[in-house]
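Encoded as structure tokens, the structure appears first; notes follow it.
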There are 2 protein chains.
Amino acid sequence: MPELRQNFITKEWVIIATERAKRPEDMVVRREHKPLAGFVPTCPFCPGNEDKTPPEVMRVPQPGDGAWKVRVVPNKFAALARDQEPLRTIHRSRRTINGFGVHDVIIESPQHSAMIALMDDEHIAEILRTYKRRFDELSEDPRIAHITIFKNHGQDAGTSLEHTHSQLIASPVISHQVRQRFHEVLRHYDEYGECPFCQMIEEELSEQTRVVMVTKNFVALQLFASPTPFCTHIYPLRHMATFGDISAAELSELAGVLRAMLAKLYVGLQDPDFNYTIRTAPAESVGVRYFHWYLSIIPRLTRVAGFELGSGMFINTVLPEAAAQFLREVKLERALGTSTT
Amino acid sequence: MPELRQNFITKEWVIIATERAKRPEDMVVRREHKPLAGFVPTCPFCPGNEDKTPPEVMRVPQPGDGAWKVRVVPNKFAALARDQEPLRTIHRSRRTINGFGVHDVIIESPQHSAMIALMDDEHIAEILRTYKRRFDELSEDPRIAHITIFKNHGQDAGTSLEHTHSQLIASPVISHQVRQRFHEVLRHYDEYGECPFCQMIEEELSEQTRVVMVTKNFVALQLFASPTPFCTHIYPLRHMATFGDISAAELSELAGVLRAMLAKLYVGLQDPDFNYTIRTAPAESVGVRYFHWYLSIIPRLTRVAGFELGSGMFINTVLPEAAAQFLREVKLERALGTSTT
């Protein structure tokens with residue numbers, strides 16, 4: 001029989017639709033893939049074409065030669081613009097803010113078709129360090145209210161440029177959704193005196209059925225009320241409100257966990273399109289006891305339809321427990337923390 | 001320059017991204033369409049195959065012969081099940097409800113490839129009357145908390161069956177999103193003593209720039225903070241909290257407005273995939289002064305990517321004012337209220 005499950009953190013209900021249930025292996029993507037390329041002469045993110053992007057914000061150099069491992073450039077088609085002030089206008093029902101903000105592109109590798117699932121862990125750690133450096137820098141700007149770091153992999157995930165990259169958008173407001181989630185967890189904290197994420201993580205670790213992997217400082221799991229098939233969350237085990245709190249050692253460890261989870265999806269579901277995003281408290285809330293940052297990986301295996309749009313409620317056709325078991329059983333050639341270089 | 005705009009009702013911020021702006025005509029869908037079919041022998045919704053659906057819940061007969069104009073049947077792959085009680089379980093962080101609920105399919109026409117954009121208004125009125133009859137019937141059930149009526153047109157909108165149909169899901173909970181929106185409008189009402197929808201509609205009517213059409217009892221417009229290109233809302237002009245409040249005359253008039261708006265999208269954007277959904281207060285809130293039902297049409301012209309998933313904030317690349325003008329200028333062969341039959 002179908003079951004409604006409530007997300008403990010967000011309070012959102014999800015329908016786990018067993019009548020239309022799919023086995024995890026039914027979600028395997030069987031499609032034509034383009035051949036992978038190391039270098040594409042026309043690609044603005046490939047080495048040698050550095051002048052085709054706006055002036056560089058940051059780079060991680062390749063030791064020795066003049067080459068780079070990771071580059072950060074402003075998005076040429078930025079959603080928000082750096083060169084204005086976030087002025088607010090209120091006129092009757094119309095509220096606007098000038099579109100001030102920062103929209104970075106993080107070019108993850110000089111290799112055109114590189115994939116995090118197949119990179120060595122040290123290179124992934126450089127990408128994550130780049131995220132953190134930009135997060136820290138932009139958090140200093142009093143005009144910035146919130147920072148979203150995200151990646152789009154594949155057409156169904158909204159990619160427009162093929163060369164492997166992620167993005168960062170720093171906005172002058174905290175979105176309504178982020179604010180609402182804050183309210184919910186604060187309410188929980190005030191009532192029970194405990195971070196609801198910490199409580200949920202502890203319960204998941206003791207129950208094990210939805211856990212995919214655990215390391216010294218991180219756990220990767222399927223949510224009890226997972227909204228979509230194989231949506232995977234990676235939580236730090238110690239309480240931290242913002243991504244900026246992560247230590248250097250934890251960053252290196254997270255690289256291995258992220259690679260392992262993306263590799264399990266890559267192998268198990270045959271390179272599905274996916275997004276990932278870092279859900280963090282804004283920098284101003286660095287010390288709060290009620291929010292806990294995490295990284296959310298969302299494989300794009302299904303389409304949002306009218307019911308989801310009209311109610312905000314999702315229908316998930318794969319049992320989270322079955323998805324977790326499926327991912328646990330995907331064997332990887334490389335164990336955690338090893339590297340191909 | 002880009003601009004952030006806040007939805008007056010939901011308080012959600014949207015980025016109107018003029019740097020990556022598209023002219024409305026750039027959104028025209030240019031793709032291969034399947035040939036239209038009147039009758040498909042293998043289709044469970046085509047006449048003669050009535051035994052391939054679960055037993056009928058309701059039908060609108062064709063006067064004279066034994067044929068039908070509209071049929072309602074239980075969804076064979078229902079997300080929720082009629083034959084159980086909505087029992088709630090709370091165990092530490094896990095909250096569940098047995099998947100009780102109703103999931104109807106409304107087969108809109110015996111014609112396999114019929115489209116509301118091309119139907120005669122009286123037939124559309126029969127479909128809307130069917131929605132209302134099911135809404136009213138299910139609203140009587142104390143186990144039902146909320147009813148979502150929606151339509152998926154085309155693959156990108158999540159359709160799995162081609163034969164023209166819409167759906168209804170009646171759930172034992174009010175979704176978190178619906179509840180949150182209720183809170184926001186109630187807060188507005190308590191502060192200003194006015195329905196925020198009524199205020200917004202009045203302002204839009206006086207400003208005109210985002211209005212696509214107005215009839216005696218309805219207005220169709222683009223929101224000031226429209227989250228996606230060509231997202232179109234149809235509001236009743238008089239204050240009504242639930243869809244169940246609509247009068248017989250208003251239902252007939254709505255049929256013409258819905259047809260005209262879908263026809264403008266069909267002609268102007270060349271049959272885009274779309275969803276529509278009726279956003280109504282739950283039946284228990286029938287008389288409330290702070291909520292106002294509406295019908296929302298969402299053309300599926302863009303993909304949700306990592307930023308939207310990670311922040312809940314949308315980036316809209318088409319100015320709502322330009323979309324409204326584009327739709328106003330789409331000429332239809334049939335004026336409002338006329339019919340081909």
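Just remember, in the structure tokens the first chain shown is A, the second B, etc., residues are 1-based per chain, and ligands are 1-based in the order shown.
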
### Query
Got a sec: who's within 8 Å of Gln222 (chain B), counting only C-alpha atoms, leaving out chain neighbours fewer than 3 positions off, as a list in words?
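What passes the distance filter is Arg210, Val211, Val212, Ser226, Phe230, Cys231, Thr232, His233, Pro320, Glu321, Ala323 and Ala324 of chain B.
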
Spatial neighbours of Pro74 (chain A), 12 Å, only C-alpha atoms, chain gap at least 5 places, as a PDB file with C-alpha atoms, in the first residue's frame:
ATOM      1  CA  PHE A  45      36.453  26.610 -20.645  1.00  0.00           C
ATOM      2  CA  LYS A  52      36.987  33.767 -23.980  1.00  0.00           C
ATOM      3  CA  THR A  53      35.749  34.045 -20.390  1.00  0.00           C
ATOM      4  CA  PRO A  54      35.436  37.261 -18.354  1.00  0.00           C
ATOM      5  CA  PRO A  55      38.591  38.021 -16.312  1.00  0.00           C
ATOM      6  CA  GLU A  56      39.451  35.228 -13.874  1.00  0.00           C
ATOM      7  CA  VAL A  57      38.419  35.562 -10.205  1.00  0.00           C
ATOM      8  CA  MET A  58      40.636  32.780  -8.864  1.00  0.00           C
ATOM      9  CA  ALA A  79      21.749  35.873 -13.417  1.00  0.00           C
ATOM     10  CA  LEU A  80      22.829  38.701 -11.080  1.00  0.00           C
ATOM     11  CA  ALA A  81      25.266  41.580 -11.668  1.00  0.00           C
ATOM     12  CA  ARG A  82      28.261  42.614  -9.528  1.00  0.00           C
ATOM     13  CA  GLY A 101      24.788  39.608  -6.804  1.00  0.00           C
ATOM     14  CA  VAL A 102      27.656  37.357  -7.781  1.00  0.00           C
ATOM     15  CA  HIS A 103      27.413  34.502 -10.254  1.00  0.00           C
ATOM     16  CA  ASP A 104      30.641  32.492 -10.508  1.00  0.00           C
ATOM     17  CA  VAL A 105      31.492  29.547 -12.701  1.00  0.00           C
ATOM     18  CA  ILE A 106      33.912  27.047 -11.166  1.00  0.00           C
ATOM     19  CA  ILE A 107      35.676  25.253 -14.039  1.00  0.00           C
ATOM     20  CA  ARG A 134      34.738  31.713  -2.544  1.00  0.00           C
ATOM     21  CA  SER A 166      29.838  24.046 -11.083  1.00  0.00           C
ATOM     22  CA  GLN A 167      28.388  27.419 -10.139  1.00  0.00           C
ATOM     23  CA  LEU A 168      27.915  29.764  -7.222  1.00  0.00           C
ATOM     24  CA  ILE A 169      25.205  32.402  -6.893  1.00  0.00           C
ATOM     25  CA  ALA A 170      25.443  34.916  -4.052  1.00  0.00           C
TER      26      ALA A 170
END

### Filtered DSSP result for region 115-247 of chain A, state alpha helix (DSSP H), as a PyMOL selection string
chain A and resi 121-139+176-192+196-207

Output for the residues just chosen: N, CA and C atoms as a tab-separated table (two decimals), in the first residue's frame:
chain	number	residue	atom	x	y	z
A	121	ASP	N	40.75	11.81	-5.81
A	121	ASP	CA	40.18	12.51	-4.66
A	121	ASP	C	40.88	13.84	-4.40
A	122	GLU	N	42.18	13.92	-4.65
A	122	GLU	CA	42.90	15.15	-4.37
A	122	GLU	C	42.41	16.28	-5.29
A	123	HIS	N	42.08	15.94	-6.54
A	123	HIS	CA	41.56	16.97	-7.43
A	123	HIS	C	40.18	17.45	-6.97
A	124	ILE	N	39.35	16.51	-6.52
A	124	ILE	CA	38.02	16.89	-6.00
A	124	ILE	C	38.19	17.79	-4.78
A	125	ALA	N	39.18	17.47	-3.93
A	125	ALA	CA	39.42	18.31	-2.75
A	125	ALA	C	39.77	19.74	-3.18
A	126	GLU	N	40.51	19.89	-4.29
A	126	GLU	CA	40.83	21.25	-4.79
A	126	GLU	C	39.55	21.98	-5.20
A	127	ILE	N	38.62	21.27	-5.81
A	127	ILE	CA	37.33	21.88	-6.19
A	127	ILE	C	36.58	22.33	-4.93
A	128	LEU	N	36.52	21.45	-3.94
A	128	LEU	CA	35.79	21.78	-2.70
A	128	LEU	C	36.47	22.93	-1.96
A	129	ARG	N	37.81	22.95	-1.97
A	129	ARG	CA	38.54	24.07	-1.35
A	129	ARG	C	38.22	25.38	-2.07
A	130	THR	N	38.07	25.28	-3.39
A	130	THR	CA	37.70	26.47	-4.17
A	130	THR	C	36.31	26.96	-3.76
A	131	TYR	N	35.36	26.03	-3.63
A	131	TYR	CA	34.02	26.40	-3.14
A	131	TYR	C	34.15	27.16	-1.82
A	132	LYS	N	34.93	26.56	-0.91
A	132	LYS	CA	35.02	27.14	0.44
A	132	LYS	C	35.68	28.51	0.40
A	133	ARG	N	36.74	28.66	-0.42
A	133	ARG	CA	37.42	29.95	-0.47
A	133	ARG	C	36.46	31.04	-0.98
A	134	ARG	N	35.69	30.73	-2.02
A	134	ARG	CA	34.74	31.71	-2.54
A	134	ARG	C	33.61	31.96	-1.53
A	135	PHE	N	33.16	30.89	-0.87
A	135	PHE	CA	32.13	31.04	0.16
A	135	PHE	C	32.61	31.99	1.26
A	136	ASP	N	33.85	31.77	1.71
A	136	ASP	CA	34.41	32.61	2.78
A	136	ASP	C	34.57	34.06	2.32
A	137	GLU	N	35.11	34.25	1.12
A	137	GLU	CA	35.33	35.60	0.61
A	137	GLU	C	34.01	36.37	0.48
A	138	LEU	N	33.03	35.72	-0.13
A	138	LEU	CA	31.76	36.41	-0.39
A	138	LEU	C	30.96	36.62	0.89
A	139	SER	N	31.18	35.76	1.88
A	139	SER	CA	30.48	35.91	3.16
A	139	SER	C	30.86	37.20	3.87
A	176	HIS	N	12.77	32.62	0.26
A	176	HIS	CA	11.65	32.29	1.13
A	176	HIS	C	11.75	30.83	1.60
A	177	GLN	N	12.18	29.94	0.69
A	177	GLN	CA	12.26	28.53	1.06
A	177	GLN	C	13.32	28.30	2.12
A	178	VAL	N	14.48	28.91	1.94
A	178	VAL	CA	15.55	28.75	2.93
A	178	VAL	C	15.09	29.32	4.27
A	179	ARG	N	14.45	30.48	4.24
A	179	ARG	CA	13.94	31.09	5.48
A	179	ARG	C	12.91	30.20	6.16
A	180	GLN	N	11.99	29.62	5.38
A	180	GLN	CA	10.97	28.75	5.95
A	180	GLN	C	11.60	27.54	6.64
A	181	ARG	N	12.61	26.97	5.99
A	181	ARG	CA	13.25	25.80	6.59
A	181	ARG	C	13.94	26.17	7.89
A	182	PHE	N	14.52	27.36	7.89
A	182	PHE	CA	15.11	27.88	9.13
A	182	PHE	C	14.07	27.98	10.23
A	183	HIS	N	12.91	28.54	9.89
A	183	HIS	CA	11.84	28.65	10.89
A	183	HIS	C	11.47	27.29	11.45
A	184	GLU	N	11.35	26.30	10.57
A	184	GLU	CA	10.92	24.98	11.02
A	184	GLU	C	11.93	24.37	11.99
A	185	VAL	N	13.22	24.45	11.64
A	185	VAL	CA	14.21	23.81	12.51
A	185	VAL	C	14.41	24.60	13.80
A	186	LEU	N	14.24	25.92	13.72
A	186	LEU	CA	14.34	26.73	14.93
A	186	LEU	C	13.21	26.38	15.90
A	187	ARG	N	12.01	26.19	15.33
A	187	ARG	CA	10.86	25.80	16.15
A	187	ARG	C	11.14	24.45	16.85
A	188	HIS	N	11.71	23.53	16.09
A	188	HIS	CA	12.07	22.23	16.68
A	188	HIS	C	13.08	22.42	17.80
A	189	TYR	N	14.11	23.22	17.52
A	189	TYR	CA	15.15	23.44	18.52
A	189	TYR	C	14.58	24.05	19.79
A	190	ASP	N	13.70	25.03	19.61
A	190	ASP	CA	13.10	25.69	20.78
A	190	ASP	C	12.25	24.71	21.59
A	191	GLU	N	11.62	23.76	20.87
A	191	GLU	CA	10.73	22.83	21.58
A	191	GLU	C	11.51	21.69	22.25
A	192	TYR	N	12.53	21.16	21.55
A	192	TYR	CA	13.21	19.96	22.06
A	192	TYR	C	14.65	20.21	22.51
A	196	PRO	N	17.57	19.24	14.96
A	196	PRO	CA	16.81	18.12	14.40
A	196	PRO	C	17.65	17.29	13.42
A	197	PHE	N	18.62	17.91	12.77
A	197	PHE	CA	19.50	17.16	11.87
A	197	PHE	C	20.33	16.15	12.68
A	198	CYS	N	20.92	16.64	13.79
A	198	CYS	CA	21.74	15.75	14.63
A	198	CYS	C	20.90	14.56	15.11
A	199	GLN	N	19.66	14.85	15.51
A	199	GLN	CA	18.78	13.79	16.00
A	199	GLN	C	18.49	12.77	14.89
A	200	MET	N	18.17	13.30	13.71
A	200	MET	CA	17.83	12.43	12.57
A	200	MET	C	19.04	11.58	12.17
A	201	ILE	N	20.22	12.20	12.12
A	201	ILE	CA	21.44	11.47	11.74
A	201	ILE	C	21.71	10.34	12.73
A	202	GLU	N	21.55	10.63	14.01
A	202	GLU	CA	21.80	9.61	15.04
A	202	GLU	C	20.84	8.43	14.85
A	203	GLU	N	19.56	8.75	14.58
A	203	GLU	CA	18.58	7.67	14.38
A	203	GLU	C	18.89	6.86	13.13
A	204	GLU	N	19.28	7.55	12.06
A	204	GLU	CA	19.59	6.84	10.82
A	204	GLU	C	20.80	5.93	11.01
A	205	LEU	N	21.80	6.41	11.77
A	205	LEU	CA	23.00	5.59	12.00
A	205	LEU	C	22.67	4.36	12.82
A	206	SER	N	21.73	4.49	13.75
A	206	SER	CA	21.40	3.32	14.56
A	206	SER	C	20.50	2.37	13.77
A	207	GLU	N	19.70	2.91	12.86
A	207	GLU	CA	18.79	2.03	12.12
A	207	GLU	C	19.45	1.41	10.88

### Message
Show me, as a VMD selection string, the residues of chain A whose atoms get within 7 Å of chain B, using only C-alpha atoms for the distance check.
### Response
chain A and resid 1 to 6 8 11 to 13 17 19 to 20 77 to 81 93 to 99 148 150 to 152 157 to 158 175 to 178 200 275 to 277 279 303 to 307 310 to 313

### Top pick for closest residue to Ala260 (chain A), considering A:Met119, A:Cys43, A:Leu161, A:Cys195 and counting only C-alpha atoms
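Nearest candidate to Ala260 (chain A) out of A:Met119, A:Cys43, A:Leu161, A:Cys195: A:Met119.
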
### Message
Using DSSP assignments from the backbone, pull out every residue in region 40-165 of chain A that falls under strand (DSSP E or B) and give it to me as a ChimeraX atom specification.
### Response
/A:58-61,68-74,81,88-91,94-98,100,102-107,146-153,165

Just-selected residues, N, CA and C atoms written as a short mmCIF file (atom, residue, chain, number, x, y, z; two decimals), in the first residue's frame:
data_model
loop_
_atom_site.label_atom_id
_atom_site.label_comp_id
_atom_site.auth_asym_id
_atom_site.auth_seq_id
_atom_site.Cartn_x
_atom_site.Cartn_y
_atom_site.Cartn_z
N MET A 58 39.77 33.62 -9.71
CA MET A 58 40.64 32.78 -8.86
C MET A 58 41.14 31.63 -9.71
N ARG A 59 42.33 31.10 -9.40
CA ARG A 59 42.75 29.85 -10.04
C ARG A 59 43.57 29.00 -9.10
N VAL A 60 43.46 27.69 -9.25
CA VAL A 60 44.34 26.76 -8.55
C VAL A 60 45.36 26.32 -9.58
N PRO A 61 46.63 26.76 -9.42
CA PRO A 61 47.62 26.44 -10.45
C PRO A 61 48.08 24.98 -10.39
N TRP A 68 46.59 25.31 -15.09
CA TRP A 68 45.73 25.40 -13.92
C TRP A 68 44.98 24.08 -13.72
N LYS A 69 44.54 23.88 -12.48
CA LYS A 69 43.74 22.69 -12.15
C LYS A 69 42.26 23.06 -12.03
N VAL A 70 42.00 24.24 -11.46
CA VAL A 70 40.62 24.73 -11.26
C VAL A 70 40.66 26.24 -11.52
N ARG A 71 39.65 26.75 -12.21
CA ARG A 71 39.55 28.20 -12.43
C ARG A 71 38.17 28.68 -12.01
N VAL A 72 38.11 29.91 -11.49
CA VAL A 72 36.82 30.54 -11.20
C VAL A 72 36.72 31.79 -12.06
N VAL A 73 35.63 31.89 -12.81
CA VAL A 73 35.40 33.08 -13.65
C VAL A 73 33.96 33.56 -13.44
N PRO A 74 33.72 34.84 -13.67
CA PRO A 74 32.32 35.30 -13.61
C PRO A 74 31.52 34.63 -14.73
N ALA A 81 24.15 40.75 -11.20
CA ALA A 81 25.27 41.58 -11.67
C ALA A 81 26.05 42.17 -10.49
N ARG A 88 16.37 48.49 -2.68
CA ARG A 88 15.04 47.90 -2.58
C ARG A 88 13.98 48.94 -2.88
N THR A 89 12.96 48.56 -3.65
CA THR A 89 11.85 49.45 -3.95
C THR A 89 10.56 48.76 -3.52
N ILE A 90 9.69 49.50 -2.84
CA ILE A 90 8.38 48.96 -2.48
C ILE A 90 7.32 49.91 -3.00
N HIS A 91 6.49 49.42 -3.90
CA HIS A 91 5.43 50.26 -4.44
C HIS A 91 4.16 49.41 -4.49
N ARG A 94 4.17 45.71 -5.37
CA ARG A 94 5.39 45.36 -6.11
C ARG A 94 6.64 45.63 -5.28
N ARG A 95 7.41 44.56 -5.04
CA ARG A 95 8.66 44.68 -4.29
C ARG A 95 9.81 44.21 -5.17
N THR A 96 10.81 45.08 -5.31
CA THR A 96 11.95 44.71 -6.15
C THR A 96 13.25 45.05 -5.44
N ILE A 97 14.30 44.39 -5.86
CA ILE A 97 15.66 44.75 -5.48
C ILE A 97 16.46 44.76 -6.77
N ASN A 98 17.28 45.78 -6.97
CA ASN A 98 18.19 45.76 -8.11
C ASN A 98 18.95 44.44 -8.11
N PHE A 100 21.59 43.01 -7.90
CA PHE A 100 22.97 42.85 -7.44
C PHE A 100 23.22 41.42 -7.02
N VAL A 102 26.46 37.94 -7.18
CA VAL A 102 27.66 37.36 -7.78
C VAL A 102 27.28 36.00 -8.37
N HIS A 103 27.70 35.77 -9.60
CA HIS A 103 27.41 34.50 -10.25
C HIS A 103 28.72 33.97 -10.85
N ASP A 104 29.35 33.07 -10.11
CA ASP A 104 30.64 32.49 -10.51
C ASP A 104 30.45 31.18 -11.25
N VAL A 105 31.37 30.89 -12.14
CA VAL A 105 31.49 29.55 -12.70
C VAL A 105 32.79 28.95 -12.18
N ILE A 106 32.71 27.75 -11.62
CA ILE A 106 33.91 27.05 -11.17
C ILE A 106 34.24 25.98 -12.21
N ILE A 107 35.28 26.23 -13.02
CA ILE A 107 35.68 25.25 -14.04
C ILE A 107 36.49 24.19 -13.31
N HIS A 146 22.92 35.40 1.04
CA HIS A 146 22.95 33.94 0.98
C HIS A 146 23.76 33.47 -0.22
N ILE A 147 24.40 32.32 -0.08
CA ILE A 147 25.25 31.77 -1.14
C ILE A 147 24.79 30.35 -1.46
N THR A 148 24.51 30.10 -2.74
CA THR A 148 24.12 28.77 -3.19
C THR A 148 25.21 28.23 -4.12
N ILE A 149 25.78 27.10 -3.77
CA ILE A 149 26.78 26.43 -4.61
C ILE A 149 26.09 25.21 -5.21
N PHE A 150 26.23 25.03 -6.52
CA PHE A 150 25.49 23.93 -7.16
C PHE A 150 26.18 23.47 -8.42
N LYS A 151 25.78 22.30 -8.86
CA LYS A 151 26.31 21.73 -10.10
C LYS A 151 25.16 21.15 -10.91
N ASN A 152 25.20 21.36 -12.23
CA ASN A 152 24.23 20.76 -13.15
C ASN A 152 25.00 19.80 -14.05
N HIS A 153 24.65 18.53 -14.02
CA HIS A 153 25.32 17.54 -14.88
C HIS A 153 24.31 16.94 -15.84
N HIS A 165 31.76 21.79 -14.93
CA HIS A 165 31.83 23.00 -14.10
C HIS A 165 30.72 22.99 -13.06
#

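The smallest atom-to-atom distance between Arg334 (chain B) and any of B:Asp51, B:Asp120, B:Asp141, B:Glu25, using only C-alpha atoms, is found for B:Asp120.
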
### Close residues, Gly268 (chain B) itself excluded, 12 Å, only C-alpha atoms, min 6 positions apart in chain, as number ranges by chain
B: 24-30, 117, 230, 260-262, 299, 323-332

Produce a file of the selected residues containing N, CA and C atoms, as a JSON list (two decimals), in the first residue's frame.
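Output (result.json):
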[["chain", "number", "residue", "atom", "x", "y", "z"],
["B", 24, "PRO", "N", 10.22, 36.91, -26.14],
["B", 24, "PRO", "CA", 9.17, 35.89, -26.06],
["B", 24, "PRO", "C", 9.22, 34.93, -27.25],
["B", 25, "GLU", "N", 9.49, 35.46, -28.45],
["B", 25, "GLU", "CA", 9.45, 34.61, -29.63],
["B", 25, "GLU", "C", 10.59, 33.59, -29.65],
["B", 26, "ASP", "N", 11.65, 33.83, -28.82],
["B", 26, "ASP", "CA", 12.73, 32.83, -28.73],
["B", 26, "ASP", "C", 12.26, 31.58, -28.01],
["B", 27, "MET", "N", 11.15, 31.65, -27.30],
["B", 27, "MET", "CA", 10.67, 30.51, -26.54],
["B", 27, "MET", "C", 9.76, 29.61, -27.38],
["B", 28, "VAL", "N", 9.52, 29.98, -28.62],
["B", 28, "VAL", "CA", 8.65, 29.18, -29.46],
["B", 28, "VAL", "C", 9.25, 27.77, -29.61],
["B", 29, "VAL", "N", 8.41, 26.79, -29.40],
["B", 29, "VAL", "CA", 8.84, 25.40, -29.44],
["B", 29, "VAL", "C", 8.86, 24.95, -30.90],
["B", 30, "ARG", "N", 10.01, 24.56, -31.40],
["B", 30, "ARG", "CA", 10.07, 24.05, -32.77],
["B", 30, "ARG", "C", 10.46, 22.59, -32.72],
["B", 117, "ALA", "N", -7.28, 23.47, -26.08],
["B", 117, "ALA", "CA", -7.05, 24.68, -26.88],
["B", 117, "ALA", "C", -7.92, 24.71, -28.13],
["B", 230, "PHE", "N", 5.97, 32.71, -19.31],
["B", 230, "PHE", "CA", 4.59, 32.50, -19.75],
["B", 230, "PHE", "C", 3.70, 31.79, -18.73],
["B", 260, "ALA", "N", -9.27, 30.14, -24.42],
["B", 260, "ALA", "CA", -8.57, 31.25, -25.10],
["B", 260, "ALA", "C", -7.10, 31.30, -24.68],
["B", 261, "MET", "N", -6.81, 31.13, -23.38],
["B", 261, "MET", "CA", -5.41, 31.20, -22.94],
["B", 261, "MET", "C", -4.60, 30.02, -23.47],
["B", 262, "LEU", "N", -5.19, 28.81, -23.43],
["B", 262, "LEU", "CA", -4.46, 27.65, -23.95],
["B", 262, "LEU", "C", -4.28, 27.77, -25.47],
["B", 299, "PRO", "N", 3.59, 26.63, -18.77],
["B", 299, "PRO", "CA", 4.27, 26.04, -19.93],
["B", 299, "PRO", "C", 5.64, 25.54, -19.50],
["B", 323, "ALA", "N", 5.96, 38.94, -22.02],
["B", 323, "ALA", "CA", 5.16, 37.73, -22.25],
["B", 323, "ALA", "C", 3.68, 38.10, -22.38],
["B", 324, "ALA", "N", 3.21, 39.02, -21.53],
["B", 324, "ALA", "CA", 1.81, 39.44, -21.58],
["B", 324, "ALA", "C", 1.50, 40.11, -22.91],
["B", 325, "GLN", "N", 2.40, 40.99, -23.34],
["B", 325, "GLN", "CA", 2.18, 41.67, -24.62],
["B", 325, "GLN", "C", 2.15, 40.66, -25.77],
["B", 326, "PHE", "N", 3.09, 39.73, -25.75],
["B", 326, "PHE", "CA", 3.16, 38.70, -26.79],
["B", 326, "PHE", "C", 1.83, 37.92, -26.85],
["B", 327, "LEU", "N", 1.31, 37.53, -25.69],
["B", 327, "LEU", "CA", 0.07, 36.74, -25.66],
["B", 327, "LEU", "C", -1.14, 37.58, -26.06],
["B", 328, "ARG", "N", -1.14, 38.86, -25.66],
["B", 328, "ARG", "CA", -2.24, 39.73, -26.08],
["B", 328, "ARG", "C", -2.31, 39.82, -27.60],
["B", 329, "GLU", "N", -1.14, 39.83, -28.24],
["B", 329, "GLU", "CA", -1.09, 40.03, -29.69],
["B", 329, "GLU", "C", -1.34, 38.76, -30.50],
["B", 330, "VAL", "N", -1.39, 37.61, -29.83],
["B", 330, "VAL", "CA", -1.73, 36.38, -30.56],
["B", 330, "VAL", "C", -3.22, 36.44, -30.91],
["B", 331, "LYS", "N", -3.52, 36.43, -32.20],
["B", 331, "LYS", "CA", -4.91, 36.52, -32.64],
["B", 331, "LYS", "C", -5.49, 35.11, -32.75],
["B", 332, "LEU", "N", -6.71, 34.95, -32.24],
["B", 332, "LEU", "CA", -7.40, 33.67, -32.33],
["B", 332, "LEU", "C", -8.53, 33.78, -33.35]]

### Query
Can you tell me how far CA of Tyr294 (chain A) sits from CA of His163 (chain A), in Å to one decimal?
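Atom-to-atom, CA of Tyr294 (chain A) and CA of His163 (chain A) are spaced 25.5 Å apart.
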
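What separates CA of Met115 (chain A) from CA of Gly154 (chain A) is a distance of 11.2 Å.
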
### Polymer residues at most 10 Å from Ala241 (chain A), only C-alpha atoms, same-chain spacing of 6 or more positions, as a PyMOL selection string
chain A and resi 195+279-283+285-294

Dump as a CSV table (one decimal), in the first residue's frame, selection limited to N, CA and C atoms:
chain,number,residue,atom,x,y,z
A,195,CYS,N,19.3,20.0,17.8
A,195,CYS,CA,19.3,20.2,16.4
A,195,CYS,C,18.6,19.0,15.7
A,279,ARG,N,23.5,22.9,0.9
A,279,ARG,CA,22.5,23.5,1.7
A,279,ARG,C,23.2,24.0,2.9
A,280,THR,N,23.4,25.3,3.0
A,280,THR,CA,24.1,25.8,4.2
A,280,THR,C,23.4,26.9,4.8
A,281,ALA,N,23.6,27.2,6.1
A,281,ALA,CA,23.1,28.4,6.7
A,281,ALA,C,23.8,29.6,6.1
A,282,PRO,N,23.2,30.7,6.1
A,282,PRO,CA,23.9,31.9,5.6
A,282,PRO,C,25.1,32.2,6.6
A,283,ALA,N,26.1,32.9,6.1
A,283,ALA,CA,27.3,33.2,6.9
A,283,ALA,C,26.9,33.9,8.2
A,285,SER,N,24.7,33.3,10.1
A,285,SER,CA,24.2,32.4,11.1
A,285,SER,C,25.2,31.3,11.5
A,286,VAL,N,26.5,31.7,11.4
A,286,VAL,CA,27.6,30.7,11.5
A,286,VAL,C,27.5,29.8,12.7
A,287,GLY,N,27.1,30.4,13.9
A,287,GLY,CA,27.1,29.6,15.1
A,287,GLY,C,25.8,28.9,15.5
A,288,VAL,N,24.8,29.0,14.7
A,288,VAL,CA,23.5,28.6,15.3
A,288,VAL,C,23.4,27.1,15.5
A,289,ARG,N,22.7,26.7,16.6
A,289,ARG,CA,22.7,25.3,17.0
A,289,ARG,C,21.6,24.5,16.3
A,290,TYR,N,20.7,25.2,15.5
A,290,TYR,CA,19.5,24.5,15.0
A,290,TYR,C,19.7,24.1,13.5
A,291,PHE,N,20.7,24.7,12.8
A,291,PHE,CA,20.8,24.3,11.4
A,291,PHE,C,22.1,23.5,11.2
A,292,HIS,N,22.1,22.7,10.2
A,292,HIS,CA,23.2,21.7,10.0
A,292,HIS,C,23.4,21.7,8.5
A,293,TRP,N,24.6,22.1,7.9
A,293,TRP,CA,24.7,22.1,6.5
A,293,TRP,C,24.8,20.6,5.9
A,294,TYR,N,24.5,20.5,4.7
A,294,TYR,CA,24.7,19.2,4.0
A,294,TYR,C,24.8,19.4,2.5
